[in-house]
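Read the structure below first, then the notes.
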Amino acid sequence: MLHFVDLPTIVRNSKQYCKQLGLEPTVVPTFKSIPSEELEKKLTIYEEILSITGFFMNQFLESIKGKGIPLLISISNDDGVILQINGDQEIKDMMNDAGFKVGIHFSDTWAGTNVVNLALKYRSPIELVGDDHYHHFFHNSACYSVPFYYNKPDSLLGTISIMTAIEYKHPFFLAMLITMVDSIERELLLRMQNTRLEVLNQNLIDTTRNAIVATDTNGVILEFNRCAEQITNFRKEEVLGKHISCLNKLNKFIEKVLKEDEKFEDKQLVFHSPENNKEIVCLFDALPIYDYKGKLIGALGQFRDITERFEAEKKINYMAYHDELTGLPNRRLIKKQLLHEIDVIRDPNEKLAIVFLDLDRFKYVNDTFGHTEGDRLLQQVSERLKRCLYSDREMVARMGGDEFVFLLPKKGSRESIQNHAQSIFSSFDQPFLINGLDLYISASFGIAVFPDDGTDIENLMIYADSAMYKAKSNGGNNLQVFNPVMYSNSQKKLLMENALRKSIENNELLLFYQPQINTRTGQLVGVEALVRWKHPQLGLVGPEEFIPLSEETGIIIPIGEWVLREACRQNKQWQEAGYPPIKVSVNLSGKQFSQELVDQVNQILTETGLAPEFLDLEITESMMMDANHSIRILNELHEVGIQISIDDFGTGYSSLSYLKSFSINRLKIDRSFIKDITKNTSDANIVDTIITMAHKLGLIVIAEGVESVEQLEFLISNHCDECQGFLYSEPVTSMQFENKFFRNNNSKSTSNIHG
């Protein structure tokens with residue numbers, strides 16, 4: 001409703017008008033009052049309005065109390081008659097002695113250039129400082145005024161104005177008045193709505209899409225709209241006049257609002273609909289209701305149906321953790337469940353088994369009957385395997401292809417594990433129906449036991465996998481239990497840890513680099529730095545071998561710092577060589593993600609001279625679960641100009657609500673989703689959903705693990721922004737990268753990789 005005007009022109013025109021009237025600027029203006037009877041009428045008309053303006057005036061004065069700012073704040077009606085004055089007593093006394101008091105009538109015909117008349121005339125916020133005023137009397141003052149309305153431009157009510165000494169001039173006062181006017185107009189609108197007919201009020205409540213429940217201070221329900229009836233399955237006449245405790249799901253929130261003055265926002269509640277036997281998921285808010293004097297008069301609860309959004313997020317999470325063909329949990333989910341089951345074990349005698357199985361000669365079924373029948377076989381196998389689960393805590397998952405894994409917790413002995421595995425093995429004694437034929441399929445089994453064979457889940461899965469391949473090598477259709485002869489890891493791990501601790505000082509670490517390409521232009525836009533370990537005896541050791549160990553032992557912290565410093569140094573060296581500037585991406589470990597990280601990154605950027613916009617830090621979803629801790633660190637890094645990416649997106653923390661709260665630049669889709677996007681509809685749908693969601697949040701999307709032209713074409717068609725993978729280049733040394741992507745170009749401009 002407010003608009004701003006060309007103030008210098010208005011002031012100039014006003015002063016010219018004052019001269020034409022013959023006003024003498026050096027003479028103190030005489031403040032003229034209206035008759036007392038007329039003033040009483042105006043005060044009566046404005047009584048409710050002045051109660052509102054008085055409240056917000058007091059709030060404002062209280063907010064600046066003790067700051068030593070002398071000011072006067074006043075309210076005029078739409079004719080310029082002053083109806084209310086408050087403020088610093090000294091300035092009030094001074095202005096009162098000059099005749100400025102309630103009942104004076106401002107007019108530019110005697111008051112000259114002033115904020116009240118200009119705000120009323122132009123219906124715009126006005127600021128006059130010093131000699132902006134016509135009369136010298138005001139030259140030591142800074143005055144501000146803003147008009148206010150009921151709820152539309154033709155319902156001007158008056159102005160609210162501030163006068164202070166010129167040395168305290170500040171645009172803050174005009175901004176505060178605008179904010180105060182907004183609050184006043186909102187309160188006026190609320191009062192006006194409250195005085196409307198009950199029918200109109202009820203219609204408004206009943207037509208809103210939010211469910212509304214209102215109570216008095218004793219918790220007695222006063223309002224319950226139609227949407228609330230539909231969600232809670234209570235009729236209005238059943239709850240009006242009753243205590244809020246009759247609505248069990250809302251009671252505890254409303255009680256705390258009334259008794260402890262608490263407020264609640266976005267509390268998830270689930271209601272059951274008997275009509276369709278479905279759940280209705282809502283977000284519930286509860287807050288206190290005050291009258292215009294600030295007195296508590298009740299509580300308001302409102303909840304909105306988010307079932308569709310909830311189901312969509314639930315579907316995305318399900319797709320990420322389940323196999324589309326069989327409906328079984330996938331690798332990600334069973335690993336997550338395995339972590340949980342190990343974490344809750346308290347009995348030292350309790351055992352847990354991982355059972356890997358792989359169908360024998362499954363390729364023969366595909367080659368003979370076709371992939372459709374092969375898929376049907378996998379579905380039949382899945383159904384049969386599910387019948388081998390004895391409790392809700394047990395799980396069977398499809399790992400991919402024709403490979404399955406069982407998680408069998410709460411086992412008391414190796415014998416009970418062996419018996420359970422044997423019953424699964426025996427389930428293959430019956431034939432499967434394939435293409436109208438009874439077909440006998442066998443499987444090879446491998447078993448690893450926690451804690452007997454180890455306590456690390458990665459190792460346990462490796463052990464079970466090793467035992468399964470031992471069964472395969474024995475001709476299939478048999479069951480093998482892991483023993484150390486199959487995979488001797490403990491001694492190798494100890495030796496590797498000792499060597500890893502000396503890797504930095506022995507200069508054994510080096511970085512490999514893999515390009516990141518803009519899918520639209522084909523240009524090189526970045527590079528990911530990947531650490532390798534050149535062991536004097538073992539040769540080049542990949543990160544999958546030493547990174548988990550470094551995480552476990554804490555060695556990852558000095559290694560991570562070395563990687564960050566070396567990546568920044570190399571990127572700066574490329575820039576100084578005249579090559580086009582690109583960002584370098586560095587993976588962070590959860591152990592590095594602390595408050596010290598910000599200081600460490602800033603120090604390394606200073607040492608290497610690399611500008612922060614050319615550094616991209618990759619974090620995992622799990623590192624963001626402590627939201628308060630993460631927001632603080634990410635905001636500090638983001639403010640410096642460093643870019644932040646979420647690595648392996650879709651494999652970690654399942655809630656998506658943090659995306660809008662954190663300072664994030666890009667999402668990096670995990671390679672496990674990219675691998676089969678041209679063959680697996682589930683992975684393709686997940687990738688498409690992630691890209692769409694990220695773009696709506698203003699994030700860049702990069703896909704890793706791109707190995708084929710078909711995968712690239714899919715990603716381009718679905719508007720993925722950047723790609724990385726063997727299709728462009730395997731990770732290479734800095735010199736190899738420089739020769740391949742910089743020096744071989746005819747000019748020092750970023751090459752077009754697609755071309």
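Residues in the structure tokens are named by chain (A, B, ... in the order shown) and by number from 1 within that chain; ligands are numbered from 1 in the order shown.
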
Contact residues around stretch 449-456 of chain A with only C-alpha atoms at 7 Å, ignoring same-chain residues under 5 positions, as number ranges by chain: A: 351-354

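Residues in contact with A:Asp78 at up to 8 Å, not including ones fewer than 4 positions away on its chain and judged by only C-alpha atoms, are Leu120, Leu156, Leu157, Gly158 and Thr159 of chain A.
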
Those same residues, written as a CSV table (one decimal), in the first residue's frame with C-alpha atoms?
```csv
chain,number,residue,atom,x,y,z
A,120,LEU,CA,-0.9,12.8,4.1
A,156,LEU,CA,-6.4,6.6,4.9
A,157,LEU,CA,-6.6,7.0,8.7
A,158,GLY,CA,-3.7,9.3,9.5
A,159,THR,CA,0.1,9.3,10.1
```

Stretch 43-129 of chain A: residues DSSP assigns to helix (DSSP H, G or I), reported as an MDAnalysis selection string: chainID A and resid 43:45 47:63 89:97 108:111 115:122

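Nearest-residue note for A:Val586: choosing from A:Met192, A:Val28, A:Ala529, A:Leu500, the minimum distance belongs to A:Ala529, counting only C-alpha atoms.
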
task: Quick one: everything within 8 Å of A:Ile104, counting only C-alpha atoms, minus sequence neighbours fewer than 3 positions away in the same chain. Send it as a list in words.
output: Phe31, Lys32, Ser33, Ile34, Val81, Ile82, Phe100 and Lys101 of chain A

Those same residues - C-alpha atoms - I'd like them written as a PDB file, in the first residue's frame.
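So out_27.pdb came out as:
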```pdb
ATOM      1  CA  PHE A  31       0.529  25.780  16.449  1.00  0.00           C
ATOM      2  CA  LYS A  32      -3.243  26.082  16.002  1.00  0.00           C
ATOM      3  CA  SER A  33      -5.658  23.887  17.950  1.00  0.00           C
ATOM      4  CA  ILE A  34      -9.151  22.749  17.013  1.00  0.00           C
ATOM      5  CA  VAL A  81      -4.959  16.774  13.733  1.00  0.00           C
ATOM      6  CA  ILE A  82      -2.596  15.409  16.409  1.00  0.00           C
ATOM      7  CA  PHE A 100       2.721  21.267  20.161  1.00  0.00           C
ATOM      8  CA  LYS A 101       0.082  19.144  21.937  1.00  0.00           C
TER       9      LYS A 101
END
```

- prompt: Can you tell me, as a PyMOL selection string, what residues are no more than 10 Å from stretch 506-514 of chain A when counting only C-alpha atoms, ignoring any on the same chain fewer than 2 positions away?
  reply: chain A and resi 499-504+516-517+526-536+540-541+559+562-563+566-567+570+584-585+724-726+728-738

Once you have the residues from the selection above, write them out as a short mmCIF file (atom, residue, chain, number, x, y, z; two decimals), in the first residue's frame, restricted to N, CA and C atoms.
```cif
data_model
loop_
_atom_site.label_atom_id
_atom_site.label_comp_id
_atom_site.auth_asym_id
_atom_site.auth_seq_id
_atom_site.Cartn_x
_atom_site.Cartn_y
_atom_site.Cartn_z
N ALA A 499 52.17 -48.71 8.85
CA ALA A 499 52.76 -48.06 7.67
C ALA A 499 52.02 -46.78 7.32
N LEU A 500 50.70 -46.79 7.51
CA LEU A 500 49.89 -45.62 7.17
C LEU A 500 50.24 -44.42 8.04
N ARG A 501 50.58 -44.68 9.30
CA ARG A 501 50.94 -43.59 10.21
C ARG A 501 52.20 -42.85 9.75
N LYS A 502 53.03 -43.52 8.97
CA LYS A 502 54.28 -42.90 8.51
C LYS A 502 54.18 -42.41 7.06
N SER A 503 53.00 -42.57 6.46
CA SER A 503 52.88 -42.29 5.02
C SER A 503 53.11 -40.82 4.68
N ILE A 504 52.69 -39.88 5.55
CA ILE A 504 52.86 -38.46 5.23
C ILE A 504 54.31 -38.06 5.35
N GLN A 516 35.58 -32.98 -13.96
CA GLN A 516 34.13 -32.78 -13.85
C GLN A 516 33.71 -31.90 -15.02
N ILE A 517 32.71 -32.36 -15.77
CA ILE A 517 32.37 -31.77 -17.06
C ILE A 517 30.96 -31.20 -17.04
N GLY A 526 35.63 -28.49 -13.40
CA GLY A 526 36.18 -28.80 -12.10
C GLY A 526 36.96 -30.09 -12.12
N VAL A 527 37.52 -30.43 -10.97
CA VAL A 527 38.32 -31.64 -10.85
C VAL A 527 38.18 -32.13 -9.41
N GLU A 528 38.07 -33.44 -9.24
CA GLU A 528 38.03 -33.99 -7.88
C GLU A 528 39.40 -34.55 -7.55
N ALA A 529 39.89 -34.18 -6.36
CA ALA A 529 41.19 -34.67 -5.89
C ALA A 529 40.97 -35.97 -5.11
N LEU A 530 41.65 -37.04 -5.53
CA LEU A 530 41.47 -38.37 -4.93
C LEU A 530 42.82 -38.87 -4.44
N VAL A 531 42.89 -39.21 -3.16
CA VAL A 531 44.17 -39.58 -2.55
C VAL A 531 44.50 -41.04 -2.85
N ARG A 532 45.78 -41.29 -3.10
CA ARG A 532 46.31 -42.64 -3.27
C ARG A 532 47.55 -42.79 -2.37
N TRP A 533 47.84 -44.04 -2.05
CA TRP A 533 48.99 -44.33 -1.17
C TRP A 533 49.98 -45.21 -1.93
N LYS A 534 51.17 -44.66 -2.14
CA LYS A 534 52.21 -45.42 -2.85
C LYS A 534 53.09 -46.09 -1.81
N HIS A 535 52.68 -47.32 -1.44
CA HIS A 535 53.40 -48.08 -0.40
C HIS A 535 54.67 -48.68 -1.01
N PRO A 536 55.78 -48.61 -0.28
CA PRO A 536 57.04 -49.11 -0.86
C PRO A 536 57.02 -50.59 -1.21
N LEU A 540 50.81 -49.17 -5.38
CA LEU A 540 49.75 -48.17 -5.30
C LEU A 540 48.52 -48.78 -4.62
N VAL A 541 48.17 -48.22 -3.46
CA VAL A 541 47.04 -48.73 -2.66
C VAL A 541 45.85 -47.81 -2.86
N ILE A 559 45.79 -36.91 7.31
CA ILE A 559 45.71 -37.21 5.87
C ILE A 559 44.78 -36.22 5.18
N TRP A 562 46.43 -32.90 4.73
CA TRP A 562 47.43 -32.97 3.64
C TRP A 562 46.73 -32.90 2.28
N VAL A 563 45.65 -33.66 2.12
CA VAL A 563 44.92 -33.67 0.85
C VAL A 563 44.40 -32.28 0.52
N GLU A 566 47.37 -29.95 -0.45
CA GLU A 566 47.98 -30.31 -1.72
C GLU A 566 47.04 -29.99 -2.89
N ALA A 567 45.75 -30.23 -2.72
CA ALA A 567 44.79 -29.94 -3.79
C ALA A 567 44.72 -28.45 -4.07
N GLN A 570 48.02 -27.37 -5.83
CA GLN A 570 48.07 -27.77 -7.23
C GLN A 570 47.15 -26.91 -8.09
N VAL A 584 38.40 -27.15 -7.50
CA VAL A 584 38.91 -28.45 -7.10
C VAL A 584 38.04 -28.95 -5.95
N SER A 585 37.55 -30.19 -6.07
CA SER A 585 36.68 -30.78 -5.05
C SER A 585 37.49 -31.70 -4.15
N GLN A 724 30.91 -36.80 -14.03
CA GLN A 724 32.27 -37.22 -13.70
C GLN A 724 32.33 -38.74 -13.81
N GLY A 725 33.39 -39.27 -14.41
CA GLY A 725 33.49 -40.72 -14.50
C GLY A 725 34.48 -41.18 -15.55
N PHE A 726 34.60 -42.50 -15.68
CA PHE A 726 35.57 -43.09 -16.59
C PHE A 726 35.28 -42.77 -18.04
N TYR A 728 34.97 -39.96 -19.27
CA TYR A 728 35.86 -38.84 -19.58
C TYR A 728 37.32 -39.19 -19.27
N SER A 729 37.52 -39.75 -18.08
CA SER A 729 38.89 -40.10 -17.70
C SER A 729 38.87 -40.84 -16.38
N GLU A 730 39.75 -41.82 -16.25
CA GLU A 730 39.97 -42.39 -14.92
C GLU A 730 40.78 -41.36 -14.12
N PRO A 731 40.86 -41.48 -12.80
CA PRO A 731 41.71 -40.57 -12.03
C PRO A 731 43.16 -40.69 -12.48
N VAL A 732 43.82 -39.54 -12.69
CA VAL A 732 45.20 -39.53 -13.20
C VAL A 732 46.03 -38.58 -12.35
N THR A 733 47.34 -38.66 -12.50
CA THR A 733 48.24 -37.77 -11.76
C THR A 733 48.08 -36.35 -12.26
N SER A 734 48.63 -35.40 -11.50
CA SER A 734 48.52 -34.00 -11.88
C SER A 734 49.18 -33.74 -13.23
N MET A 735 50.32 -34.37 -13.48
CA MET A 735 51.00 -34.16 -14.75
C MET A 735 50.19 -34.76 -15.90
N GLN A 736 49.64 -35.97 -15.69
CA GLN A 736 48.81 -36.58 -16.72
C GLN A 736 47.56 -35.74 -17.00
N PHE A 737 47.00 -35.21 -15.93
CA PHE A 737 45.80 -34.38 -16.09
C PHE A 737 46.14 -33.11 -16.88
N GLU A 738 47.27 -32.51 -16.54
CA GLU A 738 47.69 -31.27 -17.21
C GLU A 738 47.92 -31.53 -18.70
#
```
